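Scroll down for the structure; my scribbles are underneath it.
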Amino acid sequence: MTGWRHSSSFSHHTSARIRTAAALTAGVSLIAGCGVLPGGSGGSREPVKVMTFAPDKTRSTNLPGMPAMAQAYARWVAAKGGIDGHELQVITCNEQNTPAGAAACARRAVKEEVVAVVGSYSQHGDAFMAPLEAAGIPFIGGYGISEEEFTSYLSYPVNGGQAALMAGNGRQLAGACDKVALVRPNSLAGDELPVLLNAALEESGRGEAADILAPDDATEYAEHAEKARKAAAEATFAELKKDEKPGCVAAALGDRTETFLDSFRRLSDDGRQVRISSVMGSVNQLLINSTGGRKGPFEGAYVTGWYPEGNDARWQPMRDVINEYAFGDNRIDPADAGVQTTWIAYTVLRKAIEFLNRDEITASDLSRALDDGVRVTTGGLTPPLRWEYEDMLGAPGYPRIVNTSVSFQVVRDGRLTAQQDDFADVADTLLNAASSA
């Protein structure tokens, strides 16, 4: 992901950053391969060591902003004197978007005796979750892309994952599109996406979406783009009448959504009335800007996210931390869903540590506190989060979802804007999808 920082923020905060950097210099160290960043003096209490991992510099989805956000969070904690008197040490690891990379990060977490893995991304839950479970290490606030995040007894998700996004996207498109074509990865993780999208479409009496399978590491998608456009709408140069709806192409290819869009926009015009749709994580404001903004192909696009849109005032505390403690790190985009998820995941960690109020925090302490009903508020970024049995969705395939809310957004004048003020709850859609799978 490319980064974000207002140029005016640098001049406004330069002196504060210099003072903070100087204060932290003595306490900051890096270990080759995985960075370790302490946060706060910690007093007489024992340090709390955690890990954040995500893929970087791969041919598929890359989320370097997640470990970068974790490091900025640790610097902020350092300036505040730690979390409840505990020094916060953050280890980062490149998951590499492979099972071997995910397993290597998990083994490193076990070797380093971390008490939690926090705000991380991996499609390979079967590779990283088993080592963590064997060591009793909780997985807090993963991105929501792997099945194990919603089935493991040691996973504490903060959003509804890809499942909630696709169910929400179907709900969003049901009233706006005549027909829908879904372009999604030809992978195990991608196989559940049409089931979720169709469950929402069917609730509104719409037909199933055309399912267009595509590789998630291709360099062009001309064939897939043409196939999706034909499935979504008939060829016509007539303007839509007032009561007619366009076809919609929903693209959910992660980082390769941009590549697909480039192929889509290069298709020769045949008069088909088609609008683009996607989900957060495959689309963000930087992508919209880079493809032409209000004059680009995303204008009018529908986008489903987990959280409020990036300019919402509820994100201001996170933006303040980025401005003060990221030191211009261009990996961090505050509108990126991975960065946002990491912020929320570390909020959960902080609340759990404060709830425990102990001189030493262990992995079992954290998981027990979360199991026993620690209630985490996130300033309105999510509904209140709690992981007791009665708070969980209980749906087959993702029983541990506790947050079934999504946000509907639309691109207007080149900006992602809220389509409606409130979250939409897709719990019923998820249950229906699970029962039909």
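Identifiers for the structure tokens are assigned positionally: chains receive A, B, ... in sequence, residues are indexed from 1 per chain, and ligands are indexed from 1 in the order shown.
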Applying 12 Å and only C-alpha atoms, which residues near Glu299 in chain A remain after dropping the ones on its own chain fewer than 3 positions away? List them as an mmCIF file with all heavy atoms, in the first residue's frame.
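The resulting file, out.cif, is reproduced below:
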data_model
loop_
_atom_site.group_PDB
_atom_site.id
_atom_site.type_symbol
_atom_site.label_atom_id
_atom_site.label_comp_id
_atom_site.auth_asym_id
_atom_site.auth_seq_id
_atom_site.Cartn_x
_atom_site.Cartn_y
_atom_site.Cartn_z
ATOM 1 N N VAL A 274 -22.951 -0.174 -17.030
ATOM 2 C CA VAL A 274 -22.369 -0.972 -15.951
ATOM 3 C C VAL A 274 -21.720 -0.057 -14.921
ATOM 4 O O VAL A 274 -20.994 0.880 -15.283
ATOM 5 C CB VAL A 274 -21.309 -1.961 -16.499
ATOM 6 C CG1 VAL A 274 -20.657 -2.729 -15.358
ATOM 7 C CG2 VAL A 274 -21.930 -2.918 -17.493
ATOM 8 N N ARG A 275 -21.986 -0.342 -13.649
ATOM 9 C CA ARG A 275 -21.298 0.354 -12.557
ATOM 10 C C ARG A 275 -20.383 -0.633 -11.845
ATOM 11 O O ARG A 275 -20.672 -1.833 -11.760
ATOM 12 C CB ARG A 275 -22.302 0.954 -11.570
ATOM 13 C CG ARG A 275 -23.098 2.093 -12.168
ATOM 14 C CD ARG A 275 -24.093 2.674 -11.194
ATOM 15 N NE ARG A 275 -23.454 3.477 -10.150
ATOM 16 C CZ ARG A 275 -24.144 4.243 -9.298
ATOM 17 N NH1 ARG A 275 -25.471 4.309 -9.369
ATOM 18 N NH2 ARG A 275 -23.515 4.949 -8.385
ATOM 19 N N ILE A 276 -19.294 -0.100 -11.326
ATOM 20 C CA ILE A 276 -18.316 -0.903 -10.608
ATOM 21 C C ILE A 276 -18.704 -0.989 -9.136
ATOM 22 O O ILE A 276 -19.248 -0.044 -8.548
ATOM 23 C CB ILE A 276 -16.910 -0.292 -10.748
ATOM 24 C CG1 ILE A 276 -16.453 -0.328 -12.209
ATOM 25 C CG2 ILE A 276 -15.896 -1.007 -9.863
ATOM 26 C CD1 ILE A 276 -16.226 -1.720 -12.739
ATOM 27 N N SER A 277 -18.395 -2.113 -8.534
ATOM 28 C CA SER A 277 -18.588 -2.286 -7.099
ATOM 29 C C SER A 277 -17.416 -3.079 -6.545
ATOM 30 O O SER A 277 -16.769 -3.837 -7.272
ATOM 31 C CB SER A 277 -19.898 -3.038 -6.826
ATOM 32 O OG SER A 277 -20.000 -3.402 -5.471
ATOM 33 N N GLN A 285 -9.193 4.926 -1.032
ATOM 34 C CA GLN A 285 -9.196 6.268 -1.604
ATOM 35 C C GLN A 285 -7.977 6.514 -2.477
ATOM 36 O O GLN A 285 -8.064 7.186 -3.519
ATOM 37 C CB GLN A 285 -9.260 7.314 -0.489
ATOM 38 C CG GLN A 285 -9.417 8.741 -0.984
ATOM 39 C CD GLN A 285 -10.688 8.950 -1.785
ATOM 40 O OE1 GLN A 285 -11.773 8.647 -1.314
ATOM 41 N NE2 GLN A 285 -10.568 9.465 -3.007
ATOM 42 N N LEU A 287 -6.411 4.391 -4.364
ATOM 43 C CA LEU A 287 -6.641 3.767 -5.660
ATOM 44 C C LEU A 287 -7.586 4.622 -6.493
ATOM 45 O O LEU A 287 -7.367 4.817 -7.696
ATOM 46 C CB LEU A 287 -7.219 2.364 -5.467
ATOM 47 C CG LEU A 287 -7.632 1.615 -6.731
ATOM 48 C CD1 LEU A 287 -6.465 1.489 -7.698
ATOM 49 C CD2 LEU A 287 -8.198 0.249 -6.375
ATOM 50 N N ILE A 288 -8.623 5.139 -5.867
ATOM 51 C CA ILE A 288 -9.565 6.006 -6.583
ATOM 52 C C ILE A 288 -8.849 7.245 -7.127
ATOM 53 O O ILE A 288 -9.044 7.647 -8.273
ATOM 54 C CB ILE A 288 -10.727 6.401 -5.656
ATOM 55 C CG1 ILE A 288 -11.545 5.160 -5.300
ATOM 56 C CG2 ILE A 288 -11.619 7.457 -6.304
ATOM 57 C CD1 ILE A 288 -12.505 5.371 -4.163
ATOM 58 N N ASN A 289 -7.983 7.840 -6.286
ATOM 59 C CA ASN A 289 -7.222 9.017 -6.727
ATOM 60 C C ASN A 289 -6.315 8.685 -7.909
ATOM 61 O O ASN A 289 -6.228 9.452 -8.877
ATOM 62 C CB ASN A 289 -6.366 9.550 -5.574
ATOM 63 C CG ASN A 289 -7.201 10.093 -4.425
ATOM 64 O OD1 ASN A 289 -8.394 10.328 -4.563
ATOM 65 N ND2 ASN A 289 -6.567 10.270 -3.281
ATOM 66 N N THR A 291 -6.553 6.497 -10.161
ATOM 67 C CA THR A 291 -7.215 6.096 -11.399
ATOM 68 C C THR A 291 -8.103 7.195 -11.968
ATOM 69 O O THR A 291 -8.960 6.933 -12.807
ATOM 70 C CB THR A 291 -8.049 4.823 -11.177
ATOM 71 O OG1 THR A 291 -8.952 5.022 -10.070
ATOM 72 C CG2 THR A 291 -7.168 3.633 -10.886
ATOM 73 N N GLY A 292 -7.899 8.435 -11.495
ATOM 74 C CA GLY A 292 -8.596 9.558 -12.113
ATOM 75 C C GLY A 292 -9.590 10.288 -11.247
ATOM 76 O O GLY A 292 -10.207 11.256 -11.698
ATOM 77 N N GLY A 293 -9.792 9.831 -10.003
ATOM 78 C CA GLY A 293 -10.704 10.543 -9.116
ATOM 79 C C GLY A 293 -12.101 10.654 -9.680
ATOM 80 O O GLY A 293 -12.692 9.671 -10.138
ATOM 81 N N ARG A 294 -12.637 11.870 -9.705
ATOM 82 C CA ARG A 294 -14.008 12.073 -10.174
ATOM 83 C C ARG A 294 -14.175 11.784 -11.661
ATOM 84 O O ARG A 294 -15.285 11.561 -12.131
ATOM 85 C CB ARG A 294 -14.464 13.498 -9.869
ATOM 86 C CG ARG A 294 -13.779 14.573 -10.695
ATOM 87 C CD ARG A 294 -14.349 15.956 -10.416
ATOM 88 N NE ARG A 294 -14.125 16.363 -9.041
ATOM 89 C CZ ARG A 294 -14.631 17.460 -8.506
ATOM 90 N NH1 ARG A 294 -15.392 18.256 -9.239
ATOM 91 N NH2 ARG A 294 -14.369 17.779 -7.255
ATOM 92 N N LYS A 295 -13.063 11.789 -12.408
ATOM 93 C CA LYS A 295 -13.131 11.486 -13.833
ATOM 94 C C LYS A 295 -12.738 10.038 -14.125
ATOM 95 O O LYS A 295 -12.650 9.638 -15.285
ATOM 96 C CB LYS A 295 -12.226 12.432 -14.614
ATOM 97 C CG LYS A 295 -12.670 13.889 -14.532
ATOM 98 C CD LYS A 295 -11.773 14.786 -15.375
ATOM 99 C CE LYS A 295 -12.231 16.244 -15.326
ATOM 100 N NZ LYS A 295 -11.368 17.124 -16.134
ATOM 101 N N GLY A 296 -12.486 9.283 -13.092
ATOM 102 C CA GLY A 296 -12.050 7.904 -13.264
ATOM 103 C C GLY A 296 -13.192 6.910 -13.250
ATOM 104 O O GLY A 296 -14.358 7.263 -13.022
ATOM 105 N N TYR A 302 -20.008 1.544 -5.936
ATOM 106 C CA TYR A 302 -20.462 1.156 -4.606
ATOM 107 C C TYR A 302 -19.339 0.394 -3.908
ATOM 108 O O TYR A 302 -18.702 -0.483 -4.507
ATOM 109 C CB TYR A 302 -21.696 0.257 -4.702
ATOM 110 C CG TYR A 302 -22.877 0.906 -5.377
ATOM 111 C CD1 TYR A 302 -23.257 0.524 -6.667
ATOM 112 C CD2 TYR A 302 -23.612 1.900 -4.744
ATOM 113 C CE1 TYR A 302 -24.341 1.113 -7.296
ATOM 114 C CE2 TYR A 302 -24.696 2.501 -5.361
ATOM 115 C CZ TYR A 302 -25.058 2.096 -6.643
ATOM 116 O OH TYR A 302 -26.122 2.686 -7.257
ATOM 117 N N VAL A 303 -19.097 0.710 -2.641
ATOM 118 C CA VAL A 303 -18.041 0.059 -1.877
ATOM 119 C C VAL A 303 -18.583 -0.297 -0.493
ATOM 120 O O VAL A 303 -19.189 0.550 0.171
ATOM 121 C CB VAL A 303 -16.796 0.966 -1.736
ATOM 122 C CG1 VAL A 303 -15.719 0.256 -0.923
ATOM 123 C CG2 VAL A 303 -16.265 1.358 -3.112
ATOM 124 N N GLN A 409 -20.709 2.633 1.304
ATOM 125 C CA GLN A 409 -20.097 3.856 0.812
ATOM 126 C C GLN A 409 -20.250 3.934 -0.702
ATOM 127 O O GLN A 409 -20.477 2.916 -1.371
ATOM 128 C CB GLN A 409 -18.621 3.901 1.215
ATOM 129 C CG GLN A 409 -18.415 3.863 2.733
ATOM 130 C CD GLN A 409 -16.969 3.683 3.144
ATOM 131 O OE1 GLN A 409 -16.069 4.226 2.507
ATOM 132 N NE2 GLN A 409 -16.732 2.931 4.211
ATOM 133 N N VAL A 410 -20.136 5.132 -1.233
ATOM 134 C CA VAL A 410 -20.226 5.346 -2.668
ATOM 135 C C VAL A 410 -19.216 6.419 -3.052
ATOM 136 O O VAL A 410 -18.907 7.301 -2.244
ATOM 137 C CB VAL A 410 -21.665 5.754 -3.083
ATOM 138 C CG1 VAL A 410 -22.058 7.079 -2.457
ATOM 139 C CG2 VAL A 410 -21.814 5.790 -4.594
ATOM 140 N N VAL A 411 -18.652 6.329 -4.239
ATOM 141 C CA VAL A 411 -17.676 7.310 -4.697
ATOM 142 C C VAL A 411 -18.426 8.468 -5.351
ATOM 143 O O VAL A 411 -19.069 8.298 -6.386
ATOM 144 C CB VAL A 411 -16.675 6.682 -5.680
ATOM 145 C CG1 VAL A 411 -15.648 7.735 -6.123
ATOM 146 C CG2 VAL A 411 -15.974 5.485 -5.055
ATOM 147 N N ARG A 412 -18.347 9.647 -4.729
ATOM 148 C CA ARG A 412 -18.970 10.859 -5.263
ATOM 149 C C ARG A 412 -17.898 11.938 -5.392
ATOM 150 O O ARG A 412 -17.157 12.197 -4.450
ATOM 151 C CB ARG A 412 -20.076 11.362 -4.323
ATOM 152 C CG ARG A 412 -21.279 10.443 -4.208
ATOM 153 C CD ARG A 412 -22.447 11.151 -3.545
ATOM 154 N NE ARG A 412 -23.612 10.280 -3.412
ATOM 155 C CZ ARG A 412 -23.979 9.703 -2.286
ATOM 156 N NH1 ARG A 412 -23.295 9.900 -1.186
ATOM 157 N NH2 ARG A 412 -25.051 8.921 -2.248
ATOM 158 N N ASP A 413 -17.815 12.531 -6.573
ATOM 159 C CA ASP A 413 -16.805 13.557 -6.842
ATOM 160 C C ASP A 413 -15.405 13.059 -6.495
ATOM 161 O O ASP A 413 -14.563 13.792 -5.981
ATOM 162 C CB ASP A 413 -17.116 14.844 -6.074
ATOM 163 C CG ASP A 413 -18.386 15.513 -6.563
ATOM 164 O OD1 ASP A 413 -18.657 15.440 -7.779
ATOM 165 O OD2 ASP A 413 -19.103 16.091 -5.733
ATOM 166 N N GLY A 414 -15.175 11.779 -6.758
ATOM 167 C CA GLY A 414 -13.856 11.203 -6.547
ATOM 168 C C GLY A 414 -13.520 10.865 -5.115
ATOM 169 O O GLY A 414 -12.383 10.494 -4.831
ATOM 170 N N ARG A 415 -14.499 10.927 -4.198
ATOM 171 C CA ARG A 415 -14.233 10.656 -2.795
ATOM 172 C C ARG A 415 -15.160 9.561 -2.281
ATOM 173 O O ARG A 415 -16.350 9.518 -2.621
ATOM 174 C CB ARG A 415 -14.451 11.908 -1.928
ATOM 175 C CG ARG A 415 -13.602 13.099 -2.290
ATOM 176 C CD ARG A 415 -12.132 12.868 -2.045
ATOM 177 N NE ARG A 415 -11.852 12.512 -0.658
ATOM 178 C CZ ARG A 415 -10.633 12.194 -0.212
ATOM 179 N NH1 ARG A 415 -9.600 12.188 -1.047
ATOM 180 N NH2 ARG A 415 -10.439 11.892 1.055
ATOM 181 N N LEU A 416 -14.613 8.674 -1.455
ATOM 182 C CA LEU A 416 -15.452 7.705 -0.758
ATOM 183 C C LEU A 416 -16.285 8.443 0.277
ATOM 184 O O LEU A 416 -15.750 9.117 1.159
ATOM 185 C CB LEU A 416 -14.587 6.654 -0.065
ATOM 186 C CG LEU A 416 -14.129 5.464 -0.905
ATOM 187 C CD1 LEU A 416 -13.039 4.699 -0.184
ATOM 188 C CD2 LEU A 416 -15.301 4.547 -1.240
ATOM 189 N N THR A 417 -17.585 8.333 0.167
ATOM 190 C CA THR A 417 -18.474 9.006 1.100
ATOM 191 C C THR A 417 -19.495 8.010 1.623
ATOM 192 O O THR A 417 -19.817 7.005 0.977
ATOM 193 C CB THR A 417 -19.220 10.175 0.431
ATOM 194 O OG1 THR A 417 -19.978 9.667 -0.682
ATOM 195 C CG2 THR A 417 -18.235 11.217 -0.081
#
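The residue set within 9 Å of Pro246 in chain A, counting only C-alpha atoms and dropping same-chain residues fewer than 4 places from it, reads A:Ala176, A:Cys177, A:Asp178, A:Lys179, A:Ala232, A:Ala233, A:Leu240, A:Arg272, A:Gln273, A:Val274, A:Arg275.
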Export of the given selection (N, CA, C and O atoms) as an mmCIF file, in the first residue's frame:
data_model
loop_
_atom_site.group_PDB
_atom_site.id
_atom_site.type_symbol
_atom_site.label_atom_id
_atom_site.label_comp_id
_atom_site.auth_asym_id
_atom_site.auth_seq_id
_atom_site.Cartn_x
_atom_site.Cartn_y
_atom_site.Cartn_z
ATOM 1 N N ALA A 176 -29.751 -1.646 -6.294
ATOM 2 C CA ALA A 176 -29.148 -0.682 -7.215
ATOM 3 C C ALA A 176 -28.838 -1.253 -8.588
ATOM 4 O O ALA A 176 -28.609 -0.491 -9.528
ATOM 5 N N CYS A 177 -28.827 -2.583 -8.721
ATOM 6 C CA CYS A 177 -28.347 -3.195 -9.955
ATOM 7 C C CYS A 177 -29.391 -4.139 -10.547
ATOM 8 O O CYS A 177 -30.112 -4.822 -9.819
ATOM 9 N N ASP A 178 -29.426 -4.181 -11.875
ATOM 10 C CA ASP A 178 -30.295 -5.135 -12.559
ATOM 11 C C ASP A 178 -29.716 -6.538 -12.438
ATOM 12 O O ASP A 178 -30.358 -7.460 -11.936
ATOM 13 N N LYS A 179 -28.482 -6.697 -12.885
ATOM 14 C CA LYS A 179 -27.772 -7.972 -12.757
ATOM 15 C C LYS A 179 -26.379 -7.687 -12.189
ATOM 16 O O LYS A 179 -25.864 -6.575 -12.290
ATOM 17 N N ALA A 232 -23.101 -8.773 -16.866
ATOM 18 C CA ALA A 232 -23.775 -7.781 -16.034
ATOM 19 C C ALA A 232 -24.835 -6.988 -16.786
ATOM 20 O O ALA A 232 -25.795 -6.506 -16.174
ATOM 21 N N ALA A 233 -24.679 -6.806 -18.091
ATOM 22 C CA ALA A 233 -25.609 -5.937 -18.822
ATOM 23 C C ALA A 233 -25.638 -6.275 -20.301
ATOM 24 O O ALA A 233 -24.654 -6.795 -20.853
ATOM 25 N N LEU A 240 -30.425 4.828 -19.840
ATOM 26 C CA LEU A 240 -31.333 4.118 -18.943
ATOM 27 C C LEU A 240 -32.549 4.980 -18.638
ATOM 28 O O LEU A 240 -32.436 6.191 -18.421
ATOM 29 N N ARG A 272 -22.879 -0.796 -22.970
ATOM 30 C CA ARG A 272 -23.425 -1.466 -21.792
ATOM 31 C C ARG A 272 -23.395 -0.517 -20.589
ATOM 32 O O ARG A 272 -22.393 0.138 -20.334
ATOM 33 N N GLN A 273 -24.487 -0.465 -19.874
ATOM 34 C CA GLN A 273 -24.610 0.404 -18.703
ATOM 35 C C GLN A 273 -24.177 -0.386 -17.468
ATOM 36 O O GLN A 273 -24.943 -1.202 -16.934
ATOM 37 N N VAL A 274 -22.951 -0.174 -17.030
ATOM 38 C CA VAL A 274 -22.369 -0.972 -15.951
ATOM 39 C C VAL A 274 -21.720 -0.057 -14.921
ATOM 40 O O VAL A 274 -20.994 0.880 -15.283
ATOM 41 N N ARG A 275 -21.986 -0.342 -13.649
ATOM 42 C CA ARG A 275 -21.298 0.354 -12.557
ATOM 43 C C ARG A 275 -20.383 -0.633 -11.845
ATOM 44 O O ARG A 275 -20.672 -1.833 -11.760
#
- prompt: Which residues, written as number ranges by chain, have at least one atom at most 7 Å from range 121-126 of chain A, with only C-alpha atoms counted and residues fewer than 5 positions away on the same chain left out?
  reply: A: 53-54, 95, 97, 99, 102, 142-143, 145-149
message: For range 201-208 of chain A, find every residue with an atom within 7 Å (counting only C-alpha atoms), except residues of its own chain fewer than 6 positions away, and show them as number ranges by chain.
response: A: 170-171, 174
Residues from last step as file, N, CA, C and O atoms, as a compact mmCIF listing (two decimals), in the first residue's frame:
# COMPACT_ATOMS: atom_id res chain seq x y z
N GLY A 170 -23.64 -7.59 -1.32
CA GLY A 170 -24.85 -8.08 -1.96
C GLY A 170 -26.07 -7.30 -1.54
O GLY A 170 -26.94 -6.97 -2.36
N ARG A 171 -26.11 -6.95 -0.25
CA ARG A 171 -27.22 -6.13 0.26
C ARG A 171 -27.19 -4.74 -0.40
O ARG A 171 -28.24 -4.19 -0.77
N ALA A 174 -28.27 -5.05 -4.16
CA ALA A 174 -29.58 -5.63 -4.46
C ALA A 174 -30.59 -4.60 -4.95
O ALA A 174 -31.38 -4.87 -5.86
- prompt: as JSON, numbers by chain, which residues of range 147-382 of chain A does DSSP assign to helix (DSSP H, G or I)?
  reply: {"A": [147, 148, 149, 150, 161, 162, 163, 164, 165, 166, 167, 168, 169, 170, 171, 172, 173, 174, 189, 190, 191, 192, 193, 194, 195, 196, 197, 198, 199, 200, 201, 202, 203, 222, 223, 224, 225, 226, 227, 228, 229, 230, 231, 232, 254, 255, 256, 257, 258, 259, 260, 261, 262, 263, 264, 265, 285, 286, 287, 288, 289, 290, 293, 294, 295, 313, 314, 315, 316, 317, 318, 319, 320, 321, 322, 323, 324, 325, 337, 338, 339, 340, 341, 342, 343, 344, 345, 346, 347, 348, 349, 350, 351, 352, 353, 354, 355, 356, 363, 364, 365, 366, 367, 368, 369, 370, 371]}
Sort by chain and increasing residue number a table of all residues of range 150-225 of chain A within 12 Å of range 324-338 of chain A, each with its closest pair of atoms and their distance in Å to one decimal, counting only C-alpha atoms, and write it as CSV.
residue,atom,partner,partner_atom,distance
A:Val158,CA,A:Gly338,CA,11.8
A:Asn159,CA,A:Ala337,CA,10.6
A:Gly161,CA,A:Ala337,CA,10.9
A:Gln162,CA,A:Ala337,CA,11.7
A:Leu165,CA,A:Ala337,CA,11.7
